[in-house]
Amino acid sequence: GENVEQHPSTLSVQEGDSAVIKCTYSDSASNYFPWYKQELGKRPQLIIDIRSNVGEKKDQRIAVTLNKTAKHFSLHITETQPEDSAVYFCAAREPNTGNQFYFGTGTSLTVIP
Amino acid sequence: DAGVTQSPTHLIKTRGQQVTLRCSPISGHKSVSWYQQVLGQGPQFIFQYYEKEERGRGNFPDRFSARQFPNYSSELNVNALLLGDSALYLCASSLAERNYGYTFGSGTRLTVV
């Protein structure tokens, strides 16, 4: 099955700086990649996603880039704020049936005021 | 409109016991998926049900079973509980069988002692 690796496991940035989280995947047929934000004690929430027919997608301060050749995708958060502090998970959808997602191990982001 | 609801929110069980977790999807969503999230890890796929049929099963032992009812709500059952079953169990609902972004419930925190 698909294998998703995520780095770094922890990340601390000063408020206002940018944060980048990177993920790689193993199955070149994978074609949909969501990102989830999970605040402490809460459920994962979808924050942005990208399909394999585009290379970049932006939503205000958040962007995701995809390099299909290298099989990696990244989450970029600009002008970070304390409320961005959370655990972020990348995921790849199983390409054949589309009935499950393979998640990375998570990145704990701390934004220091 | 209610989101994905799960019950109970917390549960403590003894090794060897059985547990049933419940999930109600968003109104109109016909697909329910179950994930196990061990502390410090990303969610791992257990089952997907769509239109009351099992559509996918992750790498979990037969002690794990699930079903979906005519109203699309779902139950996850775990028999012969082990300490390693302690985790946050997340239910996710989506409109279609082939999933794009999920909406997760808040989860059931299961502790096995």
# chains A, B, ... in the order shown; residues from 1 in each chain; ligands from 1
>>> interface_residues(of="chain A", to="chain B", cutoff="7 Å", atoms="only C-alpha atoms", output="PyMOL selection string")
chain A and resi 34+42-46+89+97-101+103-106
>>> closest_atom_pairs(of="stretch 37-112 of chain A", to="stretch 5-26 of chain A", cutoff="12 Å", atoms="only C-alpha atoms", output="Markdown table")
| residue | atom | partner | partner_atom | distance |
| --- | --- | --- | --- | --- |
| A:Arg61 | CA | A:Ser18 | CA | 9.5 |
| A:Ile62 | CA | A:Ala19 | CA | 9.7 |
| A:Ala63 | CA | A:Val20 | CA | 9.6 |
| A:Val64 | CA | A:Val20 | CA | 9.5 |
| A:Thr65 | CA | A:Lys22 | CA | 9.6 |
| A:Leu66 | CA | A:Cys23 | CA | 9.6 |
| A:Asn67 | CA | A:Thr24 | CA | 9.5 |
| A:Lys68 | CA | A:Tyr25 | CA | 9.5 |
| A:Thr69 | CA | A:Tyr25 | CA | 10.9 |
| A:Ala70 | CA | A:Thr24 | CA | 8.2 |
| A:Lys71 | CA | A:Tyr25 | CA | 5.6 |
| A:His72 | CA | A:Thr24 | CA | 4.1 |
| A:Phe73 | CA | A:Cys23 | CA | 5.4 |
| A:Ser74 | CA | A:Lys22 | CA | 4.4 |
| A:Leu75 | CA | A:Ile21 | CA | 5.1 |
| A:His76 | CA | A:Val20 | CA | 4.7 |
| A:Ile77 | CA | A:Ala19 | CA | 5.1 |
| A:Thr78 | CA | A:Ser18 | CA | 4.4 |
| A:Glu79 | CA | A:Gly16 | CA | 4.1 |
| A:Thr80 | CA | A:Gly16 | CA | 4.7 |
| A:Gln81 | CA | A:Glu15 | CA | 5.3 |
| A:Pro82 | CA | A:Glu15 | CA | 6.7 |
| A:Glu83 | CA | A:Glu15 | CA | 9.9 |
| A:Asp84 | CA | A:Glu15 | CA | 9.5 |
| A:Ser85 | CA | A:Ser12 | CA | 9.0 |
| A:Ala86 | CA | A:Leu11 | CA | 10.2 |
| A:Val87 | CA | A:Thr10 | CA | 8.7 |
| A:Tyr88 | CA | A:Ile21 | CA | 8.4 |
| A:Phe89 | CA | A:Gln6 | CA | 8.0 |
| A:Cys90 | CA | A:Cys23 | CA | 6.7 |
| A:Ala91 | CA | A:Cys23 | CA | 8.4 |
| A:Ala92 | CA | A:Tyr25 | CA | 7.4 |
| A:Arg93 | CA | A:Tyr25 | CA | 10.3 |
| A:Glu94 | CA | A:Tyr25 | CA | 10.9 |
| A:Pro95 | CA | A:Ser26 | CA | 11.4 |
| A:Phe101 | CA | A:Tyr25 | CA | 11.8 |
| A:Tyr102 | CA | A:Tyr25 | CA | 9.3 |
| A:Phe103 | CA | A:Glu5 | CA | 8.3 |
| A:Gly104 | CA | A:Gln6 | CA | 5.3 |
| A:Thr105 | CA | A:Gln6 | CA | 6.1 |
| A:Gly106 | CA | A:Ser9 | CA | 6.2 |
| A:Thr107 | CA | A:Ser9 | CA | 4.4 |
| A:Ser108 | CA | A:Thr10 | CA | 4.6 |
| A:Leu109 | CA | A:Leu11 | CA | 4.8 |
| A:Thr110 | CA | A:Ser12 | CA | 4.7 |
| A:Val111 | CA | A:Val13 | CA | 5.1 |
| A:Ile112 | CA | A:Gln14 | CA | 4.8 |
>>> write_last_selection(atoms="N, CA and C atoms", output="compact mmCIF listing (two decimals), in the first residue's frame")
# COMPACT_ATOMS: atom_id res chain seq x y z
N ARG A 61 -3.56 32.48 3.70
CA ARG A 61 -2.17 32.32 4.16
C ARG A 61 -1.64 30.91 3.97
N ILE A 62 -2.47 30.03 3.45
CA ILE A 62 -2.06 28.63 3.33
C ILE A 62 -1.92 28.27 1.85
N ALA A 63 -0.89 27.51 1.53
CA ALA A 63 -0.70 27.02 0.17
C ALA A 63 -0.16 25.61 0.23
N VAL A 64 -0.47 24.85 -0.80
CA VAL A 64 0.08 23.50 -0.94
C VAL A 64 0.69 23.38 -2.33
N THR A 65 1.87 22.77 -2.40
CA THR A 65 2.52 22.52 -3.67
C THR A 65 2.70 21.02 -3.85
N LEU A 66 2.68 20.59 -5.10
CA LEU A 66 2.80 19.17 -5.42
C LEU A 66 3.82 18.99 -6.52
N ASN A 67 4.78 18.09 -6.31
CA ASN A 67 5.74 17.70 -7.33
C ASN A 67 5.53 16.22 -7.61
N LYS A 68 4.82 15.92 -8.68
CA LYS A 68 4.48 14.52 -8.99
C LYS A 68 5.71 13.70 -9.36
N THR A 69 6.64 14.34 -10.02
CA THR A 69 7.84 13.62 -10.44
C THR A 69 8.62 13.11 -9.23
N ALA A 70 8.77 14.01 -8.26
CA ALA A 70 9.53 13.66 -7.06
C ALA A 70 8.65 12.98 -6.02
N LYS A 71 7.37 12.94 -6.24
CA LYS A 71 6.40 12.36 -5.31
C LYS A 71 6.49 13.02 -3.94
N HIS A 72 6.43 14.34 -3.94
CA HIS A 72 6.33 15.01 -2.66
C HIS A 72 5.43 16.23 -2.76
N PHE A 73 4.85 16.59 -1.63
CA PHE A 73 3.98 17.74 -1.54
C PHE A 73 4.22 18.45 -0.21
N SER A 74 3.97 19.74 -0.21
CA SER A 74 4.33 20.55 0.95
C SER A 74 3.22 21.52 1.31
N LEU A 75 3.14 21.80 2.60
CA LEU A 75 2.21 22.80 3.12
C LEU A 75 3.01 24.03 3.52
N HIS A 76 2.55 25.19 3.05
CA HIS A 76 3.22 26.44 3.37
C HIS A 76 2.23 27.34 4.11
N ILE A 77 2.65 27.82 5.27
CA ILE A 77 1.83 28.76 6.02
C ILE A 77 2.63 30.05 6.15
N THR A 78 2.09 31.14 5.65
CA THR A 78 2.78 32.42 5.74
C THR A 78 2.17 33.26 6.86
N GLU A 79 2.96 34.24 7.32
CA GLU A 79 2.50 35.18 8.37
C GLU A 79 1.84 34.41 9.52
N THR A 80 2.57 33.46 10.06
CA THR A 80 2.00 32.58 11.09
C THR A 80 1.49 33.37 12.30
N GLN A 81 0.44 32.82 12.90
CA GLN A 81 -0.20 33.41 14.07
C GLN A 81 -0.28 32.35 15.16
N PRO A 82 -0.39 32.75 16.42
CA PRO A 82 -0.45 31.77 17.51
C PRO A 82 -1.55 30.73 17.32
N GLU A 83 -2.66 31.12 16.71
CA GLU A 83 -3.76 30.17 16.49
C GLU A 83 -3.44 29.13 15.42
N ASP A 84 -2.32 29.28 14.73
CA ASP A 84 -1.88 28.25 13.79
C ASP A 84 -1.23 27.08 14.54
N SER A 85 -0.94 27.25 15.81
CA SER A 85 -0.31 26.18 16.59
C SER A 85 -1.26 24.98 16.66
N ALA A 86 -0.76 23.83 16.23
CA ALA A 86 -1.57 22.61 16.15
C ALA A 86 -0.69 21.50 15.58
N VAL A 87 -1.28 20.31 15.46
CA VAL A 87 -0.60 19.23 14.73
C VAL A 87 -1.20 19.17 13.33
N TYR A 88 -0.34 19.12 12.34
CA TYR A 88 -0.76 19.08 10.95
C TYR A 88 -0.43 17.71 10.36
N PHE A 89 -1.41 17.12 9.67
CA PHE A 89 -1.24 15.82 9.02
C PHE A 89 -1.42 15.97 7.52
N CYS A 90 -0.50 15.37 6.78
CA CYS A 90 -0.72 15.21 5.35
C CYS A 90 -1.31 13.83 5.10
N ALA A 91 -1.90 13.65 3.95
CA ALA A 91 -2.49 12.36 3.62
C ALA A 91 -2.50 12.18 2.11
N ALA A 92 -2.55 10.93 1.70
CA ALA A 92 -2.69 10.57 0.29
C ALA A 92 -3.85 9.59 0.16
N ARG A 93 -4.69 9.80 -0.82
CA ARG A 93 -5.82 8.89 -1.02
C ARG A 93 -5.37 7.65 -1.78
N GLU A 94 -5.86 6.50 -1.33
CA GLU A 94 -5.60 5.25 -2.03
C GLU A 94 -6.07 5.39 -3.48
N PRO A 95 -5.19 5.17 -4.45
CA PRO A 95 -5.53 5.57 -5.83
C PRO A 95 -6.52 4.68 -6.56
N PHE A 101 -7.53 6.76 3.23
CA PHE A 101 -6.41 7.70 3.18
C PHE A 101 -5.27 7.15 4.02
N TYR A 102 -4.06 7.41 3.55
CA TYR A 102 -2.86 7.09 4.29
C TYR A 102 -2.32 8.40 4.84
N PHE A 103 -2.18 8.46 6.16
CA PHE A 103 -1.77 9.69 6.81
C PHE A 103 -0.29 9.67 7.18
N GLY A 104 0.31 10.85 7.16
CA GLY A 104 1.64 11.00 7.72
C GLY A 104 1.57 10.96 9.23
N THR A 105 2.73 11.04 9.87
CA THR A 105 2.81 10.90 11.32
C THR A 105 2.59 12.22 12.05
N GLY A 106 2.42 13.31 11.31
CA GLY A 106 2.07 14.57 11.93
C GLY A 106 3.25 15.48 12.21
N THR A 107 2.99 16.77 12.16
CA THR A 107 3.97 17.80 12.52
C THR A 107 3.34 18.71 13.57
N SER A 108 3.98 18.78 14.72
CA SER A 108 3.50 19.66 15.78
C SER A 108 4.10 21.05 15.58
N LEU A 109 3.26 21.99 15.18
CA LEU A 109 3.70 23.36 14.91
C LEU A 109 3.41 24.25 16.12
N THR A 110 4.42 24.94 16.59
CA THR A 110 4.25 25.92 17.66
C THR A 110 4.65 27.29 17.12
N VAL A 111 3.74 28.24 17.22
CA VAL A 111 4.01 29.61 16.82
C VAL A 111 4.23 30.43 18.09
N ILE A 112 5.42 30.97 18.21
CA ILE A 112 5.82 31.70 19.42
C ILE A 112 5.47 33.18 19.27
>>> select_by_dssp(residues="chain B", states="strand (DSSP E)", output="ChimeraX atom specification")
/B:5-7,10-13,19-24,31-37,44-50,53-57,64-68,74-78,87-94,103-104,108-112
>>> atom_distance(atom1="atom CA of A:Asn96", atom2="atom CA of A:Ser28")
11.5 Å
>>> closest_residue(among="B:Ala2, B:Gln68, B:Glu75, B:Arg22", to="B:Thr108", atoms="only C-alpha atoms")
B:Arg22
>>> atom_distance(atom1="atom CA of B:Ser93", atom2="atom CA of B:Pro25")
5.3 Å
>>> residues_around(residues="B:Asp85", least_positions_apart="3", cutoff="7 Å", atoms="only C-alpha atoms", output="ChimeraX atom specification")
/B:81-82,112
>>> write_last_selection(atoms="all heavy atoms", output="mmCIF file, in the first residue's frame")
data_model
loop_
_atom_site.group_PDB
_atom_site.id
_atom_site.type_symbol
_atom_site.label_atom_id
_atom_site.label_comp_id
_atom_site.auth_asym_id
_atom_site.auth_seq_id
_atom_site.Cartn_x
_atom_site.Cartn_y
_atom_site.Cartn_z
ATOM 1 N N LEU B 81 -10.518 -6.925 23.996
ATOM 2 C CA LEU B 81 -9.683 -5.729 24.011
ATOM 3 C C LEU B 81 -8.293 -5.987 24.565
ATOM 4 O O LEU B 81 -8.111 -6.717 25.549
ATOM 5 C CB LEU B 81 -10.362 -4.636 24.840
ATOM 6 C CG LEU B 81 -11.554 -3.935 24.166
ATOM 7 C CD1 LEU B 81 -12.339 -3.132 25.190
ATOM 8 C CD2 LEU B 81 -11.090 -3.076 23.016
ATOM 9 N N LEU B 82 -7.320 -5.364 23.908
ATOM 10 C CA LEU B 82 -5.931 -5.397 24.340
ATOM 11 C C LEU B 82 -5.515 -3.996 24.765
ATOM 12 O O LEU B 82 -6.117 -2.997 24.349
ATOM 13 C CB LEU B 82 -5.030 -5.865 23.194
ATOM 14 C CG LEU B 82 -5.349 -7.213 22.569
ATOM 15 C CD1 LEU B 82 -4.459 -7.452 21.352
ATOM 16 C CD2 LEU B 82 -5.193 -8.331 23.576
ATOM 17 N N VAL B 112 -7.915 1.208 27.523
ATOM 18 C CA VAL B 112 -8.006 -0.181 27.968
ATOM 19 C C VAL B 112 -7.004 -0.367 29.108
ATOM 20 O O VAL B 112 -5.816 -0.075 28.957
ATOM 21 C CB VAL B 112 -7.710 -1.161 26.826
ATOM 22 C CG1 VAL B 112 -7.863 -2.602 27.312
ATOM 23 C CG2 VAL B 112 -8.631 -0.898 25.642
#
>>> atom_distance(atom1="atom CA of B:Ser94", atom2="atom CA of B:Pro8")
21.0 Å
